[in-house]
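The structure file run_31.cif is reproduced below (mmCIF, C-alpha atoms).
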data_final
loop_
_atom_site.label_atom_id
_atom_site.label_comp_id
_atom_site.auth_asym_id
_atom_site.auth_seq_id
_atom_site.Cartn_x
_atom_site.Cartn_y
_atom_site.Cartn_z
CA MET A 1 -14.63 -24.52 41.87
CA ALA A 2 -11.85 -23.36 39.59
CA CYS A 3 -10.40 -25.70 37.01
CA ALA A 4 -6.63 -26.25 37.14
CA GLU A 5 -6.45 -25.21 33.51
CA SER A 6 -7.94 -21.76 34.06
CA LEU A 7 -4.61 -19.90 33.83
CA LYS A 8 -3.95 -21.66 30.56
CA VAL A 9 -7.35 -20.65 29.28
CA GLN A 10 -6.54 -17.08 30.22
CA ALA A 11 -3.18 -17.30 28.43
CA TYR A 12 -4.99 -18.75 25.42
CA PHE A 13 -7.43 -15.84 25.49
CA ASP A 14 -4.53 -13.38 25.71
CA GLY A 15 -2.80 -14.97 22.72
CA GLU A 16 0.15 -16.08 24.83
CA LEU A 17 0.19 -19.79 24.02
CA ASP A 18 2.29 -21.36 21.33
CA ALA A 19 0.54 -23.43 18.70
CA LEU A 20 0.72 -26.68 20.63
CA GLY A 21 -0.51 -25.12 23.84
CA ALA A 22 -3.36 -23.50 21.91
CA VAL A 23 -4.37 -26.81 20.37
CA ALA A 24 -4.26 -28.52 23.76
CA THR A 25 -6.37 -25.77 25.33
CA GLU A 26 -8.91 -25.88 22.52
CA THR A 27 -9.25 -29.59 23.16
CA HIS A 28 -9.68 -28.96 26.87
CA LEU A 29 -12.30 -26.28 26.19
CA LYS A 30 -14.39 -28.80 24.31
CA GLU A 31 -14.55 -30.94 27.45
CA CYS A 32 -14.68 -28.41 30.29
CA ALA A 33 -17.81 -26.33 30.74
CA HIS A 34 -16.15 -24.35 33.53
CA CYS A 35 -13.39 -23.16 31.21
CA ARG A 36 -15.84 -22.39 28.42
CA ALA A 37 -17.71 -20.13 30.83
CA LEU A 38 -14.42 -18.55 31.88
CA LEU A 39 -13.51 -17.83 28.27
CA ALA A 40 -16.91 -16.23 27.68
CA ASP A 41 -16.45 -14.11 30.83
CA LEU A 42 -13.03 -12.96 29.68
CA GLU A 43 -14.46 -11.90 26.34
CA THR A 44 -17.36 -10.03 27.93
CA LEU A 45 -15.10 -8.30 30.40
CA ARG A 46 -12.63 -7.19 27.74
CA ALA A 47 -15.39 -5.80 25.56
CA ALA A 48 -16.88 -3.98 28.55
CA ILE A 49 -13.55 -2.51 29.64
CA ARG A 50 -12.76 -1.31 26.15
CA SER A 51 -16.15 0.22 25.55
CA GLU A 52 -16.87 1.64 29.00
CA LEU A 53 -13.67 1.99 30.98
CA THR A 54 -11.35 3.51 28.40
CA PRO A 55 -10.53 7.09 29.32
CA GLN A 56 -10.15 9.55 26.44
CA LEU A 57 -7.25 11.96 26.36
CA PRO A 58 -8.55 15.47 27.06
CA GLU A 59 -7.43 17.66 24.14
CA SER A 60 -6.35 20.37 26.55
CA LEU A 61 -3.79 17.99 28.02
CA ARG A 62 -1.92 17.64 24.74
CA ALA A 63 -1.47 21.40 24.55
CA ARG A 64 -0.53 21.58 28.21
CA VAL A 65 2.14 18.88 27.85
CA SER A 66 3.56 20.50 24.72
CA ALA A 67 3.78 23.82 26.53
CA ALA A 68 5.51 22.19 29.50
CA LEU A 69 8.01 20.50 27.18
CA ASP A 70 8.70 23.77 25.38
CA ALA A 71 9.26 25.51 28.69
CA SER A 72 11.65 22.85 29.89
CA GLU A 73 13.49 23.02 26.59
CA ARG A 74 13.94 26.77 26.95
CA GLY A 75 15.25 26.12 30.44
CA THR A 76 18.04 23.96 29.01
CA PRO A 77 18.63 25.37 25.52
CA ALA A 78 22.03 23.72 25.13
CA ALA A 79 20.79 20.17 24.83
CA PRO A 80 19.07 20.03 21.44
CA VAL A 81 21.39 22.55 19.78
CA THR A 82 24.70 20.92 20.68
CA ARG A 83 23.36 17.54 19.62
CA LEU A 84 23.25 18.64 15.99
CA VAL A 85 26.90 19.65 15.73
CA PRO A 86 28.69 16.36 16.37
CA GLY A 87 26.10 14.70 14.13
CA ARG A 88 27.30 16.78 11.21
CA ALA A 89 30.95 16.15 12.06
CA ARG A 90 30.28 12.42 11.99
CA ARG A 91 29.51 12.60 8.25
CA PRO A 92 31.99 10.21 6.61
CA PHE A 93 35.09 12.12 5.49
CA TRP A 94 35.21 10.49 2.04
CA LEU A 95 31.81 11.94 1.22
CA GLY A 96 33.38 15.39 1.39
CA ALA A 97 36.66 14.30 -0.16
CA ALA A 98 35.16 12.62 -3.24
CA GLY A 99 33.39 15.84 -4.11
CA GLY A 100 29.96 16.77 -5.44
CA LEU A 101 28.56 14.61 -8.22
CA ALA A 102 30.57 11.46 -7.71
CA ALA A 103 29.73 11.33 -4.05
CA GLY A 104 26.10 12.00 -4.85
CA ALA A 105 26.01 9.14 -7.36
CA LEU A 106 27.75 6.85 -4.93
CA ALA A 107 25.34 7.75 -2.18
CA ALA A 108 22.40 7.19 -4.52
CA ALA A 109 23.78 3.80 -5.52
CA LEU A 110 24.23 2.83 -1.90
CA VAL A 111 20.69 3.88 -1.10
CA LEU A 112 19.30 1.87 -4.01
CA PHE A 113 21.35 -1.08 -2.96
CA THR A 114 20.04 -1.04 0.57
CA LEU A 115 16.46 -0.10 -0.26
CA LEU A 116 15.72 -2.69 -2.92
CA PRO A 117 15.12 -5.94 -1.09
CA SER A 118 16.30 -9.01 -2.93
CA PRO A 119 13.52 -11.35 -4.09
CA ASP A 120 14.94 -13.88 -1.64
CA SER A 121 14.54 -11.49 1.22
CA VAL A 122 10.90 -10.80 0.33
CA LEU A 123 10.24 -14.52 0.19
CA LEU A 124 11.95 -15.09 3.54
CA ASP A 125 9.71 -12.45 5.08
CA GLU A 126 6.65 -14.02 3.48
CA VAL A 127 7.47 -17.48 4.75
CA LEU A 128 8.37 -16.24 8.21
CA GLY A 129 5.15 -14.23 8.39
CA ALA A 130 3.12 -17.24 7.35
CA HIS A 131 4.86 -19.40 9.94
CA VAL A 132 4.36 -16.96 12.79
CA ARG A 133 0.71 -16.37 11.82
CA SER A 134 0.16 -20.09 11.87
CA LEU A 135 1.26 -20.19 15.50
CA MET A 136 -1.50 -17.83 16.57
CA PRO A 137 -4.52 -19.46 18.15
CA GLN A 138 -6.72 -21.32 15.69
CA HIS A 139 -4.48 -20.61 12.69
CA LEU A 140 -2.32 -23.69 12.68
CA ILE A 141 -4.41 -26.36 11.08
CA ASP A 142 -7.21 -26.44 8.53
CA VAL A 143 -7.40 -30.20 8.34
CA GLU A 144 -6.48 -31.96 11.54
CA SER A 145 -5.29 -35.49 11.01
CA THR A 146 -2.38 -37.77 11.66
CA ASP A 147 -3.35 -39.76 8.58
CA GLN A 148 -1.49 -38.83 5.40
CA HIS A 149 -4.35 -40.27 3.35
CA THR A 150 -6.68 -37.68 4.85
CA VAL A 151 -4.31 -34.73 4.60
CA LYS A 152 -3.04 -35.25 1.06
CA PRO A 153 -6.45 -35.37 -0.71
CA TRP A 154 -7.57 -32.29 1.25
CA PHE A 155 -4.92 -30.22 -0.55
CA ALA A 156 -6.43 -31.12 -3.91
CA GLY A 157 -9.23 -28.64 -3.36
CA HIS A 158 -7.34 -26.07 -1.32
CA ALA A 159 -3.88 -25.58 -2.83
CA ASP A 160 -2.31 -25.40 -6.28
CA VAL A 161 0.11 -28.18 -5.51
CA SER A 162 0.03 -31.70 -4.21
CA PRO A 163 2.95 -32.02 -1.82
CA LEU A 164 4.53 -35.00 -0.20
CA VAL A 165 2.65 -35.88 2.98
CA ALA A 166 4.04 -38.49 5.32
CA ASP A 167 3.98 -39.24 9.00
CA PHE A 168 7.33 -39.76 10.74
CA ALA A 169 5.97 -40.36 14.23
CA ALA A 170 8.40 -43.24 14.70
CA GLN A 171 11.29 -40.85 14.11
CA GLY A 172 9.80 -38.19 16.39
CA TYR A 173 8.08 -36.03 13.76
CA ARG A 174 4.36 -36.49 14.12
CA LEU A 175 2.06 -35.38 11.33
CA VAL A 176 -0.63 -33.18 12.90
CA GLY A 177 -2.42 -31.78 9.87
CA GLY A 178 -2.43 -29.51 6.86
CA ARG A 179 -3.24 -25.94 6.03
CA ALA A 180 -3.60 -23.81 2.92
CA ASP A 181 -1.50 -20.66 2.69
CA TYR A 182 -0.43 -18.10 0.11
CA LEU A 183 3.17 -17.52 -0.99
CA GLU A 184 4.51 -15.67 -4.04
CA HIS A 185 0.93 -15.29 -5.30
CA GLN A 186 0.45 -19.05 -5.32
CA ARG A 187 -1.78 -21.17 -3.15
CA ALA A 188 0.72 -23.07 -1.05
CA ALA A 189 0.19 -26.32 0.78
CA VAL A 190 1.49 -26.53 4.33
CA VAL A 191 2.07 -29.81 6.10
CA VAL A 192 2.31 -29.38 9.85
CA TYR A 193 4.54 -31.57 12.00
CA GLN A 194 5.05 -31.67 15.70
CA HIS A 195 8.48 -32.42 17.08
CA GLY A 196 8.68 -32.38 20.87
CA ALA A 197 7.35 -28.99 21.90
CA HIS A 198 7.98 -27.49 18.46
CA VAL A 199 5.82 -26.99 15.44
CA ILE A 200 7.42 -27.43 12.05
CA ASN A 201 5.61 -26.02 9.03
CA VAL A 202 6.60 -27.51 5.69
CA PHE A 203 5.49 -25.16 2.92
CA SER A 204 5.33 -26.24 -0.70
CA TRP A 205 4.33 -24.19 -3.70
CA ALA A 206 5.03 -23.78 -7.40
CA SER A 207 7.58 -20.99 -7.20
CA PRO A 208 7.63 -18.67 -10.22
CA HIS A 209 11.27 -17.83 -9.44
CA GLY A 210 12.70 -21.26 -9.89
CA GLY A 211 14.30 -23.46 -7.33
CA LEU A 212 15.77 -22.00 -4.18
CA THR A 213 18.01 -24.11 -2.00
CA ARG A 214 19.45 -22.44 1.03
CA GLU A 215 19.23 -22.07 4.74
CA SER A 216 18.37 -18.96 6.62
CA THR A 217 17.65 -17.76 10.12
CA ARG A 218 15.26 -14.92 10.82
CA SER A 219 14.03 -13.69 14.18
CA GLY A 220 15.16 -16.95 15.73
CA TYR A 221 13.27 -19.12 13.24
CA ARG A 222 15.18 -21.46 10.98
CA MET A 223 14.19 -21.93 7.38
CA MET A 224 15.46 -24.58 5.06
CA PHE A 225 14.61 -24.46 1.36
CA TRP A 226 14.87 -27.27 -1.13
CA THR A 227 13.24 -28.34 -4.37
CA ARG A 228 11.72 -31.52 -5.62
CA GLY A 229 10.47 -31.78 -9.16
CA ASP A 230 8.96 -28.39 -9.92
CA LEU A 231 7.93 -27.81 -6.34
CA GLN A 232 9.63 -25.44 -3.95
CA TYR A 233 9.71 -26.66 -0.36
CA CYS A 234 10.55 -24.77 2.80
CA ALA A 235 10.61 -26.12 6.35
CA VAL A 236 10.33 -23.52 9.13
CA SER A 237 10.62 -23.92 12.87
CA ASP A 238 12.30 -22.73 16.03
CA THR A 239 13.92 -26.13 16.57
CA ALA A 240 17.67 -26.64 16.41
CA TRP A 241 19.19 -26.95 12.93
CA GLU A 242 19.94 -30.65 13.36
CA GLU A 243 16.32 -31.39 14.17
CA LEU A 244 15.03 -29.42 11.20
CA THR A 245 17.62 -30.98 8.90
CA ARG A 246 16.59 -34.43 10.06
CA LEU A 247 12.98 -33.91 9.02
CA VAL A 248 14.07 -32.45 5.68
CA ARG A 249 16.26 -35.49 5.09
CA LEU A 250 13.38 -37.83 5.97
CA LEU A 251 11.14 -35.97 3.52
CA GLN A 252 13.75 -36.06 0.78
CA GLU A 253 14.38 -39.77 1.27
CA LYS A 254 10.64 -40.42 1.21
CA SER A 255 10.11 -38.41 -1.97
CA ALA A 256 13.09 -40.06 -3.65
CA ALA A 257 11.21 -43.31 -3.18
CA GLU A 258 8.11 -41.85 -4.82
CA PRO A 259 7.62 -40.32 -8.26
CA ALA A 260 8.44 -36.61 -8.25
CA GLY A 261 5.74 -33.92 -8.13
CA MET B 262 12.06 16.58 16.41
CA ARG B 263 12.62 12.97 17.35
CA PHE B 264 10.89 13.13 20.72
CA GLU B 265 7.83 14.72 19.14
CA ALA B 266 7.66 12.02 16.47
CA GLN B 267 8.39 9.00 18.63
CA VAL B 268 6.95 9.72 22.05
CA MET B 269 4.04 12.12 21.59
CA PRO B 270 1.95 9.59 19.58
CA HIS B 271 1.81 7.55 22.81
CA LEU B 272 0.28 10.39 24.79
CA PRO B 273 -3.23 8.85 24.70
CA ALA B 274 -1.80 5.56 26.02
CA ALA B 275 0.10 7.41 28.74
CA TYR B 276 -3.10 9.18 29.76
CA ARG B 277 -5.21 6.00 29.79
CA PHE B 278 -2.66 4.27 32.01
CA ALA B 279 -2.21 7.35 34.21
CA ARG B 280 -5.96 7.61 34.61
CA TRP B 281 -6.20 3.98 35.74
CA LEU B 282 -3.36 4.48 38.17
CA ALA B 283 -4.29 7.88 39.58
CA ARG B 284 -8.08 7.34 39.23
CA VAL B 285 -8.94 11.04 39.38
CA PRO B 286 -8.73 13.05 36.11
CA ALA B 287 -6.81 15.99 37.58
CA ASP B 288 -4.22 13.72 39.19
CA ALA B 289 -3.91 11.74 35.97
CA GLU B 290 -3.20 14.91 34.00
CA ASP B 291 -0.49 15.97 36.45
CA LEU B 292 0.97 12.50 36.30
CA VAL B 293 1.08 12.55 32.47
CA GLN B 294 2.76 15.94 32.40
CA GLU B 295 5.40 14.92 34.91
CA SER B 296 5.99 11.62 33.09
CA LEU B 297 6.45 13.32 29.73
CA LEU B 298 8.94 15.76 31.21
CA ARG B 299 10.84 12.91 32.76
CA ALA B 300 10.68 11.00 29.46
CA TYR B 301 12.03 14.02 27.64
CA GLY B 302 15.00 14.16 29.98
CA ALA B 303 15.70 10.43 29.60
CA PHE B 304 15.00 10.21 25.87
CA ASP B 305 18.61 10.50 24.72
CA GLY B 306 19.45 7.43 26.76
CA LEU B 307 16.74 5.36 25.05
CA ARG B 308 18.28 2.78 22.72
CA GLY B 309 15.90 0.70 20.67
CA GLY B 310 13.12 -1.15 22.44
CA ASP B 311 9.47 -0.31 22.43
CA VAL B 312 8.85 3.40 23.07
CA ARG B 313 5.33 2.85 24.36
CA SER B 314 6.38 0.30 27.01
CA TRP B 315 9.21 2.59 27.97
CA LEU B 316 6.83 5.53 28.41
CA LEU B 317 4.33 3.43 30.37
CA THR B 318 7.15 2.34 32.67
CA ILE B 319 7.96 5.99 33.33
CA VAL B 320 4.29 6.74 34.06
CA ARG B 321 4.25 3.89 36.55
CA ASN B 322 7.47 5.03 38.23
CA CYS B 323 6.26 8.64 38.48
CA HIS B 324 3.03 7.44 39.99
CA ALA B 325 4.91 5.30 42.51
CA THR B 326 6.95 8.35 43.53
CA GLN B 327 3.88 10.58 43.87
CA HIS B 328 2.07 7.83 45.68
CA ARG B 329 4.85 7.36 48.20
CA GLN B 330 4.83 11.09 48.86
CA SER B 331 1.07 11.27 49.40
CA ALA B 332 1.08 8.03 51.41
CA ARG B 333 3.24 9.75 54.00
CA ARG B 334 0.55 12.37 54.42
CA ALA B 335 -2.56 10.20 54.32
CA THR B 336 -2.83 7.12 56.48
CA GLN B 337 -5.85 5.58 54.79
CA PRO B 338 -4.65 2.28 53.31
CA LEU B 339 -5.48 1.12 49.83
CA PRO B 340 -7.83 -1.82 49.70
CA ASP B 341 -6.11 -5.18 49.72
CA GLU B 342 -6.34 -7.49 46.73
CA GLU B 343 -8.86 -9.64 48.58
CA ASP B 344 -10.73 -6.65 50.01
CA ALA B 345 -11.54 -5.14 46.67
CA VAL B 346 -15.11 -6.42 46.68
CA THR B 347 -15.80 -5.27 50.23
CA ALA B 348 -14.36 -1.89 49.38
CA ALA B 349 -16.86 -1.56 46.57
CA ALA B 350 -19.66 -1.76 49.08
CA LEU B 351 -18.25 1.26 50.89
CA ILE B 352 -18.58 3.44 47.85
CA ASP B 353 -21.85 5.22 47.53
CA PRO B 354 -23.60 3.76 44.50
CA THR B 355 -26.30 6.44 44.47
CA PRO B 356 -25.95 8.56 41.34
CA ASP B 357 -26.17 12.30 41.57
CA PRO B 358 -29.77 13.14 40.67
CA GLU B 359 -28.67 16.38 39.00
CA SER B 360 -26.85 14.63 36.21
CA ALA B 361 -28.73 13.51 33.17
CA SER B 362 -25.73 13.12 30.93
CA MET B 363 -24.71 9.60 30.05
CA ALA B 364 -21.14 10.71 29.66
CA ARG B 365 -21.05 11.80 33.26
CA ASP B 366 -22.63 8.52 34.35
CA ALA B 367 -19.95 6.62 32.48
CA GLU B 368 -17.30 8.85 33.99
CA ARG B 369 -18.58 8.14 37.47
CA ARG B 370 -18.78 4.42 36.84
CA LEU B 371 -15.17 4.50 35.71
CA GLU B 372 -14.18 6.31 38.88
CA ARG B 373 -16.24 4.01 41.11
CA LEU B 374 -14.84 0.82 39.60
CA LEU B 375 -11.31 2.12 39.56
CA SER B 376 -11.45 3.25 43.16
CA ALA B 377 -12.75 -0.17 44.19
CA LEU B 378 -9.91 -2.02 42.46
CA SER B 379 -6.50 -2.29 44.08
CA GLN B 380 -3.53 -0.59 42.50
CA GLU B 381 -1.95 -3.98 41.66
CA HIS B 382 -5.10 -5.03 39.83
CA ARG B 383 -5.56 -1.74 38.02
CA GLU B 384 -2.11 -1.71 36.53
CA VAL B 385 -2.12 -5.22 35.10
CA LEU B 386 -5.66 -4.80 33.78
CA ALA B 387 -4.88 -1.49 32.11
CA LEU B 388 -1.66 -2.76 30.56
CA ARG B 389 -3.33 -5.90 29.25
CA GLU B 390 -6.84 -4.80 28.26
CA LEU B 391 -6.30 -1.17 27.26
CA GLU B 392 -2.70 -1.15 26.07
CA GLU B 393 -2.67 -4.75 24.83
CA LEU B 394 0.79 -5.45 26.18
CA SER B 395 2.02 -9.04 26.19
CA TYR B 396 2.69 -10.81 29.50
CA ARG B 397 6.39 -10.30 28.90
CA GLU B 398 5.94 -6.57 28.35
CA ILE B 399 3.71 -6.27 31.42
CA ALA B 400 6.35 -8.11 33.43
CA SER B 401 8.96 -5.66 32.22
CA VAL B 402 6.87 -2.55 32.97
CA THR B 403 5.83 -3.76 36.43
CA THR B 404 9.10 -5.61 37.23
CA LEU B 405 7.07 -8.65 38.21
CA PRO B 406 7.80 -12.27 37.28
CA ILE B 407 5.60 -13.50 34.42
CA GLY B 408 3.93 -16.06 36.68
CA THR B 409 2.83 -13.28 39.03
CA VAL B 410 1.56 -11.26 36.07
CA MET B 411 -0.62 -14.19 35.05
CA SER B 412 -2.05 -14.94 38.48
CA ARG B 413 -2.57 -11.29 39.30
CA LEU B 414 -4.29 -10.70 36.00
CA ALA B 415 -6.64 -13.60 36.73
CA ARG B 416 -7.49 -12.22 40.18
CA ALA B 417 -7.87 -8.69 38.80
CA ARG B 418 -10.30 -9.88 36.17
CA SER B 419 -12.41 -11.80 38.62
CA ALA B 420 -12.40 -8.83 41.02
CA LEU B 421 -13.56 -6.47 38.28
CA LYS B 422 -16.23 -8.93 37.19
CA SER B 423 -17.61 -9.13 40.76
CA LEU B 424 -17.62 -5.36 41.05
CA TRP B 425 -19.45 -5.05 37.78
CA LEU B 426 -22.04 -7.62 38.81
CA GLU B 427 -22.61 -5.79 42.07
CA GLU B 428 -22.97 -2.55 40.22
CA ALA B 429 -25.54 -4.12 37.88
CA GLN B 430 -27.48 -5.50 40.85
CA GLY B 431 -27.43 -2.08 42.47
CA GLU B 432 -28.98 -0.64 39.34
CA LEU B 433 -31.57 -3.41 39.12
CA SER B 434 -32.63 -3.08 42.75
CA GLY B 435 -33.86 0.36 41.73
CA VAL B 436 -31.83 3.17 43.19
CA ARG B 437 -34.12 5.50 41.36
#
Mind converting the file's structure to structure tokens?
Amino acid sequence: MACAESLKVQAYFDGELDALGAVATETHLKECAHCRALLADLETLRAAIRSELTPQLPESLRARVSAALDASERGTPAAPVTRLVPGRARRPFWLGAAGGLAAGALAAALVLFTLLPSPDSVLLDEVLGAHVRSLMPQHLIDVESTDQHTVKPWFAGHADVSPLVADFAAQGYRLVGGRADYLEHQRAAVVVYQHGAHVINVFSWASPHGGLTRESTRSGYRMMFWTRGDLQYCAVSDTAWEELTRLVRLLQEKSAAEPAG
Amino acid sequence: MRFEAQVMPHLPAAYRFARWLARVPADAEDLVQESLLRAYGAFDGLRGGDVRSWLLTIVRNCHATQHRQSARRATQPLPDEEDAVTAAALIDPTPDPESASMARDAERRLERLLSALSQEHREVLALRELEELSYREIASVTTLPIGTVMSRLARARSALKSLWLEEAQGELSGVR
């Protein structure tokens, strides 16, 4: 008799659930022997398929395909050749007009400008990466608790900072736990909130680059940075801006009422 | 050359998928060659997106075309989704006594299991388990709704599990 949750268990196994779905399924797995057996089956089957039913590319086929491509290219020689010509014509006219050295220096400067990521940009990538990783199954929470007095002391042994931890369940932002992470070579503390169907990670760490206050959107995730005392905070989520801002405001009001740090 | 750099690295993936679709090595090789030629012709039109998914979509379309052509000649229907297990029983499980090589045993098992699975099951299984595509990517390659991808994947997995169990029982009951 199949359990109604079995498709969810499969989606969990395939890494398709968001953090909340994953947590819910993990809870269900603890209670449902049928789904535990299903999960074990899925794992066995995947391992078996990968080890025994994975065909290997015959080396002769690579050569055969290359030969067929070459032959077809000879059949239509115009295609790749003509493609090069307009490409060269599209070179910006000023590059030719400005002449040798100057243009070269300008081009080099442009390349440097675009290749060197700003420290901000590196940090944004780091934070976004940490947020997305946290949404993968079993990565969200190290200490699972809705009690701030459980979460806050846990950080003492696991992060370099002691952040503000508070539950705003009444306002719709439920504290679900904490996690240790690593940002800018510091052990960061992450407080995890749940708002409706969304997970909000609030990172805090002792930033070596001083305070950063800004907002940014990357890959559909919103990030809001602020500082408090010598701590850098960043809230990340896929919620709407207003919802993220509301939590940030709640946190700032709360910390204003407490001593900084 | 851009095609060489961007598409050829996915040749092993194209072959794995082609092999699961066509089942027989020679057919799979023809399918890969035709797909790569078609990909080469369409490459200039490719804008962004995942090259591997794009190539796998072409493999699937080529196979559908070939399959339609051969279906007109042969009348033998493919096993239904529900008939997959029964179909397995029709396939001779007796191994060829000549062969001692484990590689050939594995090769035959692959062929037996693949021929007992329906086309619908083979494609979602291959895309998920071998190519590690997400549900969304599988939906895009197969032009199925995500919900269908999920339910079909579940049925495909349970069908393959039953086939495998049967196979194991066949071996235990002592064919040789």
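Between CA of Thr54 in chain A and CA of Gly310 in chain B there is a distance of 25.6 Å.
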### Query
Could you write out as a PyMOL selection string the residues that the PyMOL selection byres ((chain B) within 8 of (chain A)) matches in the shown file?
chain B and resi 272-273+276-277+280+290+293-294+297-298+301+367+371+390-391+395-396+411-412+415+418+422
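You will find CA of Ser314 in chain B at 27.6 Å from CA of His139 in chain A.
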### Long-range neighbours of Ile141 in chain A as a list in words, 10 Å cut-off, all atoms listed in the file, 6 positions minimum in chain
Ala19, Val23, Ser134, Leu135, Val176, Gly177, Gly178, Arg179, Ala180, Val190, Val191 and Val192 of chain A
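The environment of Ile319 in chain B within 7 Å, counting all atoms listed in the file and disregarding residues fewer than 4 places along the same chain, consists of Ser296, Ala300, Trp315 and Cys323 of chain B.
Interatomic distance, CA of Leu231 in chain A against CA of His158 in chain A: 16.2 Å.
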### Task
Please evaluate the PyMOL selection byres ((chain A and resi 128) around 10) against the structure above and give the resulting residues as a PyMOL selection string.
chain A and resi 122-127+129-134+217-219+221-223+236-237
Give me, as a CSV table (one decimal) with C-alpha atoms, in the coordinates of the input, all polymer residues having an atom no more than 9 Å from Leu175 in chain A, counting all atoms listed in the file and skipping those fewer than 6 positions away in the same chain.
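As written to disk, selection_28.csv reads:
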chain,number,residue,atom,x,y,z
A,145,SER,CA,-5.3,-35.5,11.0
A,146,THR,CA,-2.4,-37.8,11.7
A,147,ASP,CA,-3.4,-39.8,8.6
A,148,GLN,CA,-1.5,-38.8,5.4
A,165,VAL,CA,2.6,-35.9,3.0
A,166,ALA,CA,4.0,-38.5,5.3
A,167,ASP,CA,4.0,-39.2,9.0
A,168,PHE,CA,7.3,-39.8,10.7
A,169,ALA,CA,6.0,-40.4,14.2
A,191,VAL,CA,2.1,-29.8,6.1
A,192,VAL,CA,2.3,-29.4,9.8
A,193,TYR,CA,4.5,-31.6,12.0
A,194,GLN,CA,5.0,-31.7,15.7
### Message
Just want the 10 Å neighbourhood of range 248-255 of chain A, counted on all atoms listed in the file, with same-chain residues fewer than 2 positions away dropped. Output as a VMD selection string.
### Response
chain A and resid 163 to 168 171 173 202 224 to 229 233 to 235 242 to 246 257 to 261
